[in-house]
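Trainee: So that you have it, the file is upload_0.cif, and it contains mmCIF, C-alpha atoms:
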```
data_work
loop_
_atom_site.group_PDB
_atom_site.id
_atom_site.type_symbol
_atom_site.label_atom_id
_atom_site.label_comp_id
_atom_site.auth_asym_id
_atom_site.auth_seq_id
_atom_site.Cartn_x
_atom_site.Cartn_y
_atom_site.Cartn_z
ATOM 1 C CA MET A 187 57.154 -21.869 20.858
ATOM 2 C CA GLY A 188 59.879 -23.936 22.603
ATOM 3 C CA GLY A 189 61.456 -27.258 21.745
ATOM 4 C CA LYS A 190 62.679 -28.322 18.346
ATOM 5 C CA GLN A 191 61.065 -26.906 15.241
ATOM 6 C CA SER A 192 58.478 -28.752 13.171
ATOM 7 C CA ARG A 193 59.672 -30.347 9.939
ATOM 8 C CA SER A 194 59.962 -28.002 6.962
ATOM 9 C CA PHE A 195 57.193 -27.894 4.388
ATOM 10 C CA SER A 196 58.000 -28.673 0.786
ATOM 11 C CA SER A 197 56.846 -26.409 -2.018
ATOM 12 C CA LYS A 198 54.110 -28.922 -2.775
ATOM 13 C CA ASP A 199 52.922 -28.840 0.843
ATOM 14 C CA LEU A 200 52.759 -25.058 0.800
ATOM 15 C CA ASN A 201 50.728 -25.109 -2.370
ATOM 16 C CA ASP A 202 48.341 -27.582 -0.776
ATOM 17 C CA LEU A 203 48.100 -25.549 2.420
ATOM 18 C CA SER A 204 47.334 -22.371 0.500
ATOM 19 C CA VAL A 205 44.407 -23.795 -1.448
ATOM 20 C CA SER A 206 42.259 -20.860 -0.483
ATOM 21 C CA GLN A 207 44.773 -18.484 -2.073
ATOM 22 C CA LYS A 208 46.282 -20.458 -4.968
ATOM 23 C CA ARG A 209 43.310 -22.505 -6.211
ATOM 24 C CA LYS A 210 40.454 -20.053 -6.093
ATOM 25 C CA SER A 211 39.802 -20.591 -9.767
ATOM 26 C CA ALA A 212 40.101 -24.381 -9.679
ATOM 27 C CA GLY A 213 37.048 -26.612 -10.056
ATOM 28 C CA LYS A 214 35.781 -28.969 -7.393
ATOM 29 C CA ASP A 215 37.185 -31.999 -9.180
ATOM 30 C CA ASP A 216 40.695 -30.551 -8.804
ATOM 31 C CA MET A 217 40.324 -29.883 -5.050
ATOM 32 C CA PRO A 218 41.464 -32.444 -2.478
ATOM 33 C CA SER A 219 38.870 -33.557 0.036
ATOM 34 C CA LEU A 220 38.831 -31.524 3.234
ATOM 35 C CA SER A 221 39.836 -34.470 5.411
ATOM 36 C CA SER A 222 42.793 -35.506 3.244
ATOM 37 C CA ALA A 223 44.058 -31.904 3.116
ATOM 38 C CA ALA A 224 43.795 -31.684 6.901
ATOM 39 C CA GLU A 225 45.726 -34.925 7.175
ATOM 40 C CA ARG A 226 48.583 -33.436 5.166
ATOM 41 C CA ILE A 227 48.787 -30.577 7.646
ATOM 42 C CA ARG A 228 48.507 -32.951 10.596
ATOM 43 C CA ARG A 229 51.581 -34.840 9.405
ATOM 44 C CA HIS A 230 53.649 -31.758 10.154
ATOM 45 C CA ALA A 231 52.365 -31.440 13.711
ATOM 46 C CA THR A 232 54.670 -32.881 16.354
ATOM 47 C CA VAL A 233 54.522 -33.491 20.079
ATOM 48 C CA HIS A 234 56.847 -31.106 21.951
ATOM 49 C CA PHE A 235 57.086 -31.415 25.730
ATOM 50 C CA GLY A 236 53.776 -33.264 25.753
ATOM 51 C CA TYR A 237 51.897 -30.706 23.618
ATOM 52 C CA SER A 238 50.540 -31.221 20.109
ATOM 53 C CA THR A 239 52.382 -28.468 18.221
ATOM 54 C CA LEU A 240 52.213 -27.040 14.712
ATOM 55 C CA SER A 241 54.427 -24.276 13.353
ATOM 56 C CA LEU A 242 53.486 -22.390 10.194
ATOM 57 C CA ALA A 243 55.869 -19.540 10.995
ATOM 58 C CA MET A 244 57.603 -17.679 8.174
ATOM 59 C CA ARG A 245 55.648 -19.410 5.387
ATOM 60 C CA GLY A 246 54.642 -16.261 3.497
ATOM 61 C CA LEU A 247 50.988 -16.940 4.208
ATOM 62 C CA ASN A 248 48.457 -14.240 3.281
ATOM 63 C CA GLY A 249 45.654 -16.381 4.637
ATOM 64 C CA THR A 250 45.262 -19.507 6.722
ATOM 65 C CA PRO A 251 44.400 -22.814 5.033
ATOM 66 C CA VAL A 252 40.779 -23.670 5.817
ATOM 67 C CA GLU A 253 41.790 -27.228 6.674
ATOM 68 C CA LEU A 254 43.846 -25.974 9.611
ATOM 69 C CA TRP A 255 40.745 -25.448 11.693
ATOM 70 C CA GLU A 256 39.908 -29.155 11.559
ATOM 71 C CA LEU A 257 42.892 -29.982 13.790
ATOM 72 C CA ARG A 258 41.067 -29.573 17.077
ATOM 73 C CA GLU A 259 43.715 -31.551 18.942
ATOM 74 C CA LEU A 260 46.303 -28.773 18.474
ATOM 75 C CA GLN A 261 47.584 -27.245 21.699
ATOM 76 C CA LYS A 262 50.320 -24.956 20.379
ATOM 77 C CA LEU A 263 49.973 -23.066 17.103
ATOM 78 C CA ASN A 264 52.629 -20.761 15.673
ATOM 79 C CA LEU A 265 51.487 -18.464 12.852
ATOM 80 C CA SER A 266 54.156 -15.830 13.451
ATOM 81 C CA MET A 267 56.020 -13.788 10.832
ATOM 82 C CA ASN A 268 53.591 -14.229 7.963
ATOM 83 C CA SER A 269 51.428 -11.654 6.169
ATOM 84 C CA LEU A 270 48.077 -12.459 7.732
ATOM 85 C CA CYS A 271 45.596 -9.579 7.693
ATOM 86 C CA SER A 272 42.756 -11.386 9.454
ATOM 87 C CA LEU A 273 41.792 -14.617 11.173
ATOM 88 C CA PRO A 274 38.505 -16.386 10.496
ATOM 89 C CA PRO A 275 35.822 -17.147 13.088
ATOM 90 C CA ALA A 276 36.886 -20.797 12.729
ATOM 91 C CA LEU A 277 39.786 -19.988 15.063
ATOM 92 C CA GLY A 278 37.332 -20.683 17.868
ATOM 93 C CA THR A 279 37.103 -24.349 16.879
ATOM 94 C CA LEU A 280 40.665 -24.987 18.112
ATOM 95 C CA ASP A 281 39.393 -25.143 21.669
ATOM 96 C CA ASN A 282 42.365 -27.140 22.963
ATOM 97 C CA LEU A 283 44.886 -24.387 22.222
ATOM 98 C CA VAL A 284 47.165 -23.500 25.109
ATOM 99 C CA VAL A 285 49.624 -21.277 23.192
ATOM 100 C CA LEU A 286 48.794 -19.098 20.174
ATOM 101 C CA ASN A 287 51.591 -17.131 18.512
ATOM 102 C CA LEU A 288 50.477 -14.414 16.049
ATOM 103 C CA TRP A 289 53.605 -12.276 16.312
ATOM 104 C CA GLY A 290 54.695 -10.250 13.289
ATOM 105 C CA ASN A 291 51.677 -10.259 10.974
ATOM 106 C CA ASN A 292 49.379 -7.528 9.621
ATOM 107 C CA LEU A 293 46.348 -8.262 11.776
ATOM 108 C CA SER A 294 44.054 -5.268 12.265
ATOM 109 C CA SER A 295 41.702 -7.163 14.592
ATOM 110 C CA LEU A 296 41.203 -10.424 16.434
ATOM 111 C CA PRO A 297 37.966 -12.365 15.872
ATOM 112 C CA PRO A 298 35.457 -12.408 18.765
ATOM 113 C CA GLU A 299 35.608 -16.195 18.596
ATOM 114 C CA ILE A 300 38.996 -16.042 20.299
ATOM 115 C CA GLY A 301 36.949 -16.017 23.490
ATOM 116 C CA LEU A 302 36.042 -19.659 22.830
ATOM 117 C CA LEU A 303 39.652 -20.700 23.503
ATOM 118 C CA GLN A 304 38.962 -21.516 27.139
ATOM 119 C CA LYS A 305 42.254 -23.364 27.659
ATOM 120 C CA LEU A 306 44.467 -20.610 26.240
ATOM 121 C CA ARG A 307 47.313 -19.658 28.569
ATOM 122 C CA VAL A 308 49.696 -17.724 26.290
ATOM 123 C CA LEU A 309 48.802 -15.259 23.519
ATOM 124 C CA PHE A 310 51.440 -13.421 21.505
ATOM 125 C CA ALA A 311 49.848 -10.829 19.204
ATOM 126 C CA CYS A 312 52.669 -8.284 19.171
ATOM 127 C CA ARG A 313 53.914 -6.492 16.044
ATOM 128 C CA ASN A 314 50.595 -6.332 14.233
ATOM 129 C CA ARG A 315 48.216 -3.476 13.406
ATOM 130 C CA LEU A 316 45.697 -3.963 16.188
ATOM 131 C CA SER A 317 43.849 -0.851 17.292
ATOM 132 C CA GLU A 318 41.574 -2.633 19.759
ATOM 133 C CA VAL A 319 41.031 -5.923 21.530
ATOM 134 C CA PRO A 320 37.704 -7.803 21.455
ATOM 135 C CA GLU A 321 35.715 -7.930 24.683
ATOM 136 C CA GLU A 322 35.437 -11.677 24.232
ATOM 137 C CA LEU A 323 39.123 -12.080 25.058
ATOM 138 C CA GLY A 324 38.059 -11.631 28.671
ATOM 139 C CA SER A 325 36.490 -15.093 28.486
ATOM 140 C CA CYS A 326 39.978 -16.632 28.273
ATOM 141 C CA ALA A 327 40.069 -16.971 32.049
ATOM 142 C CA ARG A 328 43.185 -19.156 32.100
ATOM 143 C CA LEU A 329 45.363 -16.684 30.208
ATOM 144 C CA GLU A 330 48.682 -16.192 31.983
ATOM 145 C CA VAL A 331 50.773 -14.303 29.398
ATOM 146 C CA LEU A 332 49.407 -11.637 27.049
ATOM 147 C CA SER A 333 51.649 -9.657 24.698
ATOM 148 C CA LEU A 334 50.065 -6.904 22.615
ATOM 149 C CA ALA A 335 53.238 -4.865 22.147
ATOM 150 C CA ASN A 336 53.971 -2.872 19.003
ATOM 151 C CA ASN A 337 50.416 -2.283 17.857
ATOM 152 C CA GLN A 338 48.139 0.769 17.677
ATOM 153 C CA ILE A 339 46.094 0.060 20.792
ATOM 154 C CA THR A 340 44.624 2.952 22.796
ATOM 155 C CA GLY A 341 42.872 0.941 25.503
ATOM 156 C CA LEU A 342 41.554 -2.415 26.682
ATOM 157 C CA PRO A 343 37.962 -3.577 27.229
ATOM 158 C CA GLY A 344 36.708 -3.735 30.809
ATOM 159 C CA SER A 345 36.015 -7.446 30.376
ATOM 160 C CA LEU A 346 39.730 -8.156 30.849
ATOM 161 C CA ALA A 347 39.420 -7.143 34.513
ATOM 162 C CA THR A 348 38.413 -10.718 35.344
ATOM 163 C CA MET A 349 41.724 -12.175 34.128
ATOM 164 C CA ASN A 350 42.862 -13.285 37.561
ATOM 165 C CA SER A 351 45.390 -15.792 36.184
ATOM 166 C CA LEU A 352 47.296 -13.212 34.137
ATOM 167 C CA THR A 353 50.869 -12.766 35.387
ATOM 168 C CA LYS A 354 52.590 -11.039 32.437
ATOM 169 C CA LEU A 355 51.108 -8.202 30.380
ATOM 170 C CA ASN A 356 53.054 -6.393 27.660
ATOM 171 C CA LEU A 357 51.407 -3.275 26.215
ATOM 172 C CA SER A 358 54.589 -1.465 25.202
ATOM 173 C CA HIS A 359 54.880 0.585 22.006
ATOM 174 C CA ASN A 360 51.203 1.407 21.608
ATOM 175 C CA ARG A 361 49.128 4.600 21.824
ATOM 176 C CA ILE A 362 47.858 4.362 25.384
ATOM 177 C CA VAL A 363 47.267 7.667 27.182
ATOM 178 C CA HIS A 364 45.883 6.244 30.449
ATOM 179 C CA ILE A 365 46.622 2.840 31.942
ATOM 180 C CA PRO A 366 43.414 0.894 31.215
ATOM 181 C CA THR A 367 41.225 0.638 34.310
ATOM 182 C CA CYS A 368 40.942 -3.127 33.932
ATOM 183 C CA VAL A 369 44.699 -3.492 34.445
ATOM 184 C CA TYR A 370 44.388 -2.392 38.069
ATOM 185 C CA SER A 371 42.072 -5.366 38.665
ATOM 186 C CA MET A 372 44.597 -7.927 37.416
ATOM 187 C CA LYS A 373 45.766 -8.823 40.904
ATOM 188 C CA GLY A 374 48.008 -11.668 39.733
ATOM 189 C CA LEU A 375 50.258 -9.463 37.596
ATOM 190 C CA VAL A 376 53.974 -9.902 38.240
ATOM 191 C CA PHE A 377 55.210 -8.173 35.058
ATOM 192 C CA LEU A 378 53.682 -5.038 33.502
ATOM 193 C CA HIS A 379 55.329 -3.425 30.454
ATOM 194 C CA LEU A 380 53.954 -0.057 29.280
ATOM 195 C CA ALA A 381 57.053 1.536 27.765
ATOM 196 C CA CYS A 382 56.800 3.901 24.808
ATOM 197 C CA ASN A 383 53.156 4.873 25.048
ATOM 198 C CA ARG A 384 51.614 8.279 25.740
ATOM 199 C CA LEU A 385 51.145 8.034 29.487
ATOM 200 C CA GLU A 386 51.146 11.215 31.544
ATOM 201 C CA THR A 387 50.058 9.802 34.902
ATOM 202 C CA ILE A 388 49.804 6.591 36.890
ATOM 203 C CA ALA A 389 46.599 6.238 38.915
ATOM 204 C CA ASP A 390 46.602 5.653 42.667
ATOM 205 C CA GLN A 391 45.042 2.235 42.005
ATOM 206 C CA ILE A 392 48.500 0.977 41.044
ATOM 207 C CA GLN A 393 48.793 -0.061 44.697
ATOM 208 C CA ASP A 394 46.250 -2.835 44.025
ATOM 209 C CA LEU A 395 48.827 -4.785 41.992
ATOM 210 C CA VAL A 396 50.353 -6.217 45.137
ATOM 211 C CA ASN A 397 52.251 -9.033 43.378
ATOM 212 C CA LEU A 398 53.981 -6.769 40.866
ATOM 213 C CA LYS A 399 57.743 -7.337 40.628
ATOM 214 C CA ILE A 400 58.534 -5.599 37.345
ATOM 215 C CA LEU A 401 57.009 -2.305 36.180
ATOM 216 C CA ILE A 402 58.340 -0.650 33.024
ATOM 217 C CA VAL A 403 56.935 2.732 31.979
ATOM 218 C CA GLU A 404 60.000 4.280 30.327
ATOM 219 C CA GLY A 405 59.605 6.494 27.293
ATOM 220 C CA ASN A 406 56.323 8.164 28.243
ATOM 221 C CA SER A 407 55.427 11.665 29.436
ATOM 222 C CA ILE A 408 54.838 10.921 33.112
ATOM 223 C CA HIS A 409 55.468 14.019 35.210
ATOM 224 C CA THR A 410 54.798 12.653 38.695
ATOM 225 C CA LEU A 411 54.692 9.292 40.468
ATOM 226 C CA PRO A 412 51.869 8.547 42.928
ATOM 227 C CA LYS A 413 52.930 7.783 46.477
ATOM 228 C CA THR A 414 50.786 4.635 46.305
ATOM 229 C CA LEU A 415 53.345 3.206 43.871
ATOM 230 C CA CYS A 416 55.713 3.037 46.822
ATOM 231 C CA PHE A 417 53.431 0.556 48.585
ATOM 232 C CA LEU A 418 54.329 -2.136 46.021
ATOM 233 C CA GLU A 419 56.935 -3.664 48.282
ATOM 234 C CA SER A 420 57.514 -6.647 45.951
ATOM 235 C CA LEU A 421 58.899 -4.418 43.174
ATOM 236 C CA GLU A 422 62.351 -5.541 42.070
ATOM 237 C CA LEU A 423 62.548 -3.510 38.845
ATOM 238 C CA LEU A 424 61.027 -0.073 38.324
ATOM 239 C CA ASN A 425 61.909 1.622 35.044
ATOM 240 C CA VAL A 426 60.683 5.218 34.796
ATOM 241 C CA ASP A 427 63.495 6.489 32.579
ATOM 242 C CA PHE A 428 62.886 8.974 29.760
ATOM 243 C CA ASN A 429 59.831 10.631 31.260
ATOM 244 C CA ASP A 430 59.230 14.147 32.597
ATOM 245 C CA LEU A 431 59.879 13.467 36.283
ATOM 246 C CA GLN A 432 61.268 16.327 38.332
ATOM 247 C CA ASN A 433 60.844 14.769 41.741
ATOM 248 C CA VAL A 434 60.046 11.488 43.506
ATOM 249 C CA PRO A 435 57.569 10.594 46.265
ATOM 250 C CA MET A 436 58.927 10.882 49.794
ATOM 251 C CA GLU A 437 57.731 7.307 50.372
ATOM 252 C CA MET A 438 60.006 5.823 47.708
ATOM 253 C CA TYR A 439 62.387 4.508 50.368
ATOM 254 C CA LEU A 440 59.748 1.833 51.094
ATOM 255 C CA LEU A 441 60.716 0.077 47.839
ATOM 256 C CA SER A 442 63.519 -1.809 49.542
ATOM 257 C CA LYS A 443 63.721 -4.649 46.986
ATOM 258 C CA LEU A 444 64.879 -2.326 44.218
ATOM 259 C CA GLY A 445 68.303 -2.479 45.788
ATOM 260 C CA ARG A 446 70.256 -0.159 43.500
ATOM 261 C CA LEU A 447 70.224 2.292 40.635
ATOM 262 C CA ALA A 448 70.190 0.358 37.364
ATOM 263 C CA CYS A 449 71.483 1.226 33.904
ATOM 264 C CA HIS A 450 70.708 -1.577 31.466
ATOM 265 C CA PRO A 451 66.981 -1.715 30.571
ATOM 266 C CA MET A 452 66.148 -5.081 32.139
ATOM 267 C CA ASP A 453 68.496 -4.921 35.122
ATOM 268 C CA LYS A 454 66.786 -5.152 38.471
ATOM 269 C CA GLY A 455 66.704 -1.912 40.406
ATOM 270 C CA LEU A 456 65.500 1.648 39.870
ATOM 271 C CA HIS A 457 65.867 3.254 36.434
ATOM 272 C CA ILE A 458 65.321 6.976 36.863
ATOM 273 C CA ILE A 459 68.369 9.101 36.069
ATOM 274 C CA HIS A 460 67.223 9.922 32.513
ATOM 275 C CA ASN A 461 64.681 12.479 33.692
ATOM 276 C CA PRO A 462 64.778 16.267 34.251
ATOM 277 C CA LEU A 463 65.141 15.773 38.010
ATOM 278 C CA LEU A 464 65.525 18.895 40.098
ATOM 279 C CA LYS A 465 68.027 19.579 42.832
ATOM 280 C CA PRO A 466 68.573 18.230 45.416
ATOM 281 C CA ILE A 467 67.236 14.863 44.149
ATOM 282 C CA GLN A 468 69.504 14.971 41.113
ATOM 283 C CA GLU A 469 72.550 15.548 43.272
ATOM 284 C CA VAL A 470 71.588 12.993 45.923
ATOM 285 C CA LEU A 471 71.233 10.288 43.281
ATOM 286 C CA GLN A 472 74.899 10.629 42.466
ATOM 287 C CA GLY A 473 75.483 8.749 45.692
ATOM 288 C CA GLY A 474 73.313 5.832 44.581
ATOM 289 C CA LEU A 475 69.956 4.503 45.676
ATOM 290 C CA SER A 476 70.935 4.149 49.321
ATOM 291 C CA ALA A 477 71.812 7.847 49.421
ATOM 292 C CA LEU A 478 68.389 8.698 47.966
ATOM 293 C CA TYR A 479 66.599 6.490 50.501
ATOM 294 C CA ASN A 480 68.533 7.986 53.404
ATOM 295 C CA TYR A 481 67.589 11.443 52.161
ATOM 296 C CA LEU A 482 63.900 10.542 51.888
ATOM 297 C CA LYS A 483 63.511 8.671 55.166
ATOM 298 C CA PRO A 484 61.901 10.724 57.918
ATOM 299 C CA THR A 485 64.240 11.588 60.731
#
```
Show me, as structure tokens, the structure contained in the file I just sent.
Mentor:
Amino acid sequence: MGGKQSRSFSSKDLNDLSVSQKRKSAGKDDMPSLSSAAERIRRHATVHFGYSTLSLAMRGLNGTPVELWELRELQKLNLSMNSLCSLPPALGTLDNLVVLNLWGNNLSSLPPEIGLLQKLRVLFACRNRLSEVPEELGSCARLEVLSLANNQITGLPGSLATMNSLTKLNLSHNRIVHIPTCVYSMKGLVFLHLACNRLETIADQIQDLVNLKILIVEGNSIHTLPKTLCFLESLELLNVDFNDLQNVPMEMYLLSKLGRLACHPMDKGLHIIHNPLLKPIQEVLQGGLSALYNYLKPT
């Protein structure tokens, strides 16, 4: 979430925050008023870099305290690394949220009310059990960073096609067979991570992502690259390692910003040698990327 961490909660605070879990059998006379309980949570919110921030990360929460949703001033909320299985519709009341971190829970779905978070710019929902994404997420028009990695997602709703502000999309380690059609409409994308899915092809529409600088599709079953991929002249990192590629498009020499063959996963350049490439491409690559480009260029 950035900046220093919020103050630690005492055992008493955690008991108070978990009233919905730990006091289900208590009578009304034993329950604190809603406003006073919310105030106890608010005391742990701090201002980091100008944003009202609350971290409930790693608190062993199975559910969110109902009082949390009263804190409408919150702009950054960290609920990561808990045991949350669901989020209530009340999430939509936190309409000032800019950053929402749900990383490392047991969420099987996101509530439709997430679409009410009109100011949301960053959403981390990786390492959960999501199999789909609600259409209403497309209403978060200001979203710039979306991470849905390490889930069970097979596709995305078409409503996400209108996310013109999105610059970074991480869909790695899911169950995606075809790149969702809506992705090709996200013209602002600079970073697209689709590693370790079940992709077999990349559609010609990939050329529409004209601002793309980083494309990672390693660990799939892609057997051919479209020549339109080579029109993405802003690409600085293209990782197609560990696929089923036997050849490359003749137009690949147009990707001049790749610069070199790369080895480490996030190094800039072209990652391709871990494929069943046929001769003569396999042999030419031993001379580096410049040798490949010279071979491919028309005489």
Trainee: Separation of atom CA of A:Ser294 and atom CA of A:Leu323, in Å?
Mentor: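 Between these atoms lies a distance of 15.3 Å.
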Trainee: Which one is closest to A:Ile458: A:Arg229, A:Arg446, A:His379, A:Lys262? Count all atoms listed in the file.
Mentor: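 Among A:Arg229, A:Arg446, A:His379, A:Lys262, it is A:Arg446 that comes nearest to A:Ile458.
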Trainee: For the provided coordinates, the residues matched by the PyMOL selection byres ((chain A and resi 448) around 10) should be stated as a PDB file with C-alpha atoms, keeping the file's coordinate frame.
Mentor:
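And here's expr_13.pdb as it stands now:
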```pdb
ATOM      1  CA  LEU A 423      62.548  -3.510  38.845  1.00  0.00           C
ATOM      2  CA  LEU A 424      61.027  -0.073  38.324  1.00  0.00           C
ATOM      3  CA  ASN A 425      61.909   1.622  35.044  1.00  0.00           C
ATOM      4  CA  LEU A 444      64.879  -2.326  44.218  1.00  0.00           C
ATOM      5  CA  GLY A 445      68.303  -2.479  45.788  1.00  0.00           C
ATOM      6  CA  ARG A 446      70.256  -0.159  43.500  1.00  0.00           C
ATOM      7  CA  LEU A 447      70.224   2.292  40.635  1.00  0.00           C
ATOM      8  CA  CYS A 449      71.483   1.226  33.904  1.00  0.00           C
ATOM      9  CA  HIS A 450      70.708  -1.577  31.466  1.00  0.00           C
ATOM     10  CA  PRO A 451      66.981  -1.715  30.571  1.00  0.00           C
ATOM     11  CA  MET A 452      66.148  -5.081  32.139  1.00  0.00           C
ATOM     12  CA  ASP A 453      68.496  -4.921  35.122  1.00  0.00           C
ATOM     13  CA  LYS A 454      66.786  -5.152  38.471  1.00  0.00           C
ATOM     14  CA  GLY A 455      66.704  -1.912  40.406  1.00  0.00           C
ATOM     15  CA  LEU A 456      65.500   1.648  39.870  1.00  0.00           C
ATOM     16  CA  HIS A 457      65.867   3.254  36.434  1.00  0.00           C
ATOM     17  CA  ILE A 458      65.321   6.976  36.863  1.00  0.00           C
ATOM     18  CA  ILE A 459      68.369   9.101  36.069  1.00  0.00           C
ATOM     19  CA  GLY A 474      73.313   5.832  44.581  1.00  0.00           C
ATOM     20  CA  LEU A 475      69.956   4.503  45.676  1.00  0.00           C
TER      21      LEU A 475
END
```
Trainee: Expand the PyMOL selection byres ((chain A and resi 416) around 8) into the individual residues it matches in the shown file, reporting them as a list in words.
Mentor: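 For this structure, the PyMOL selection byres ((chain A and resi 416) around 8) resolves to Gln393, Pro412, Lys413, Thr414, Leu415, Phe417, Leu418, Glu419, Pro435, Glu437, Met438, Tyr439, Leu440 and Leu441 of chain A.
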Trainee: Interatomic distance between atom CA of A:Lys483 and atom CA of A:Ser442?
Mentor: 11.9 Å
Trainee: Evaluate the PyMOL selection byres ((chain A and resi 346-349) around 10) on the structure here and hand back the selected residues as a VMD selection string.
Mentor: chain A and resid 319 to 330 342 to 345 350 to 353 366 to 375
Trainee: So which one's closest to A:Thr340, A:Leu385, A:Leu378, A:Ile402, A:Cys312? Using all atoms listed in the file, please.
Mentor: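 Among A:Leu385, A:Leu378, A:Ile402, A:Cys312, it is A:Leu385 that comes nearest to A:Thr340.
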Trainee: Could you pull the residues within 9 Å of A:Arg313, counting all atoms listed in the file, minus those fewer than 4 positions along the same chain, as a PyMOL selection string?
Mentor: chain A and resi 288-293+334-337
Trainee: Dump C-alpha atoms for the selected residues as a PDB file, in the frame of the given file?
Mentor:
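The result, stored in out-v6.pdb:
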```pdb
ATOM      1  CA  LEU A 288      50.477 -14.414  16.049  1.00  0.00           C
ATOM      2  CA  TRP A 289      53.605 -12.276  16.312  1.00  0.00           C
ATOM      3  CA  GLY A 290      54.695 -10.250  13.289  1.00  0.00           C
ATOM      4  CA  ASN A 291      51.677 -10.259  10.974  1.00  0.00           C
ATOM      5  CA  ASN A 292      49.379  -7.528   9.621  1.00  0.00           C
ATOM      6  CA  LEU A 293      46.348  -8.262  11.776  1.00  0.00           C
ATOM      7  CA  LEU A 334      50.065  -6.904  22.615  1.00  0.00           C
ATOM      8  CA  ALA A 335      53.238  -4.865  22.147  1.00  0.00           C
ATOM      9  CA  ASN A 336      53.971  -2.872  19.003  1.00  0.00           C
ATOM     10  CA  ASN A 337      50.416  -2.283  17.857  1.00  0.00           C
TER      11      ASN A 337
END
```
Trainee: Enter the distance from atom CA of A:Val252 to atom CA of A:Ala276, in Å, rounded to one decimal.
Mentor: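 Between atom CA of A:Val252 and atom CA of A:Ala276 the gap is 8.4 Å.
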Trainee: Hey, what's within 9 Å of A:Val331 if we count all atoms listed in the file and toss same-chain stuff fewer than 4 positions away? As a list of chain:residue names, please?
Mentor: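 Here the qualifying residues turn out to be A:Arg307, A:Val308, A:Leu309, A:Phe310, A:Ser351, A:Leu352, A:Thr353, A:Lys354, A:Leu355, A:Asn356.
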Trainee: Contacts of stretch 241-250 of chain A at 7 Å or less, counting all atoms listed in the file, minus same-chain residues fewer than 3 places along, as a list in words?
Mentor: Ser192, Leu263, Asn264, Leu265, Ser266, Met267, Asn268, Ser269 and Leu270 of chain A
Trainee: Please provide the set of residues having any atom within 9 Å of A:Asn461, restricted to all atoms listed in the file, with same-chain residues fewer than 3 positions apart removed, written as a list in words.
Mentor: Val426, Asp427, Phe428, Asn429, Asp430, Leu431, Gln432 and Ile458 of chain A
Trainee: When you count only C-alpha atoms, which of these residues is closest to A:Pro251: A:Thr387, A:Asn282, A:Ala223, A:Ile300?
Mentor: A:Ala223
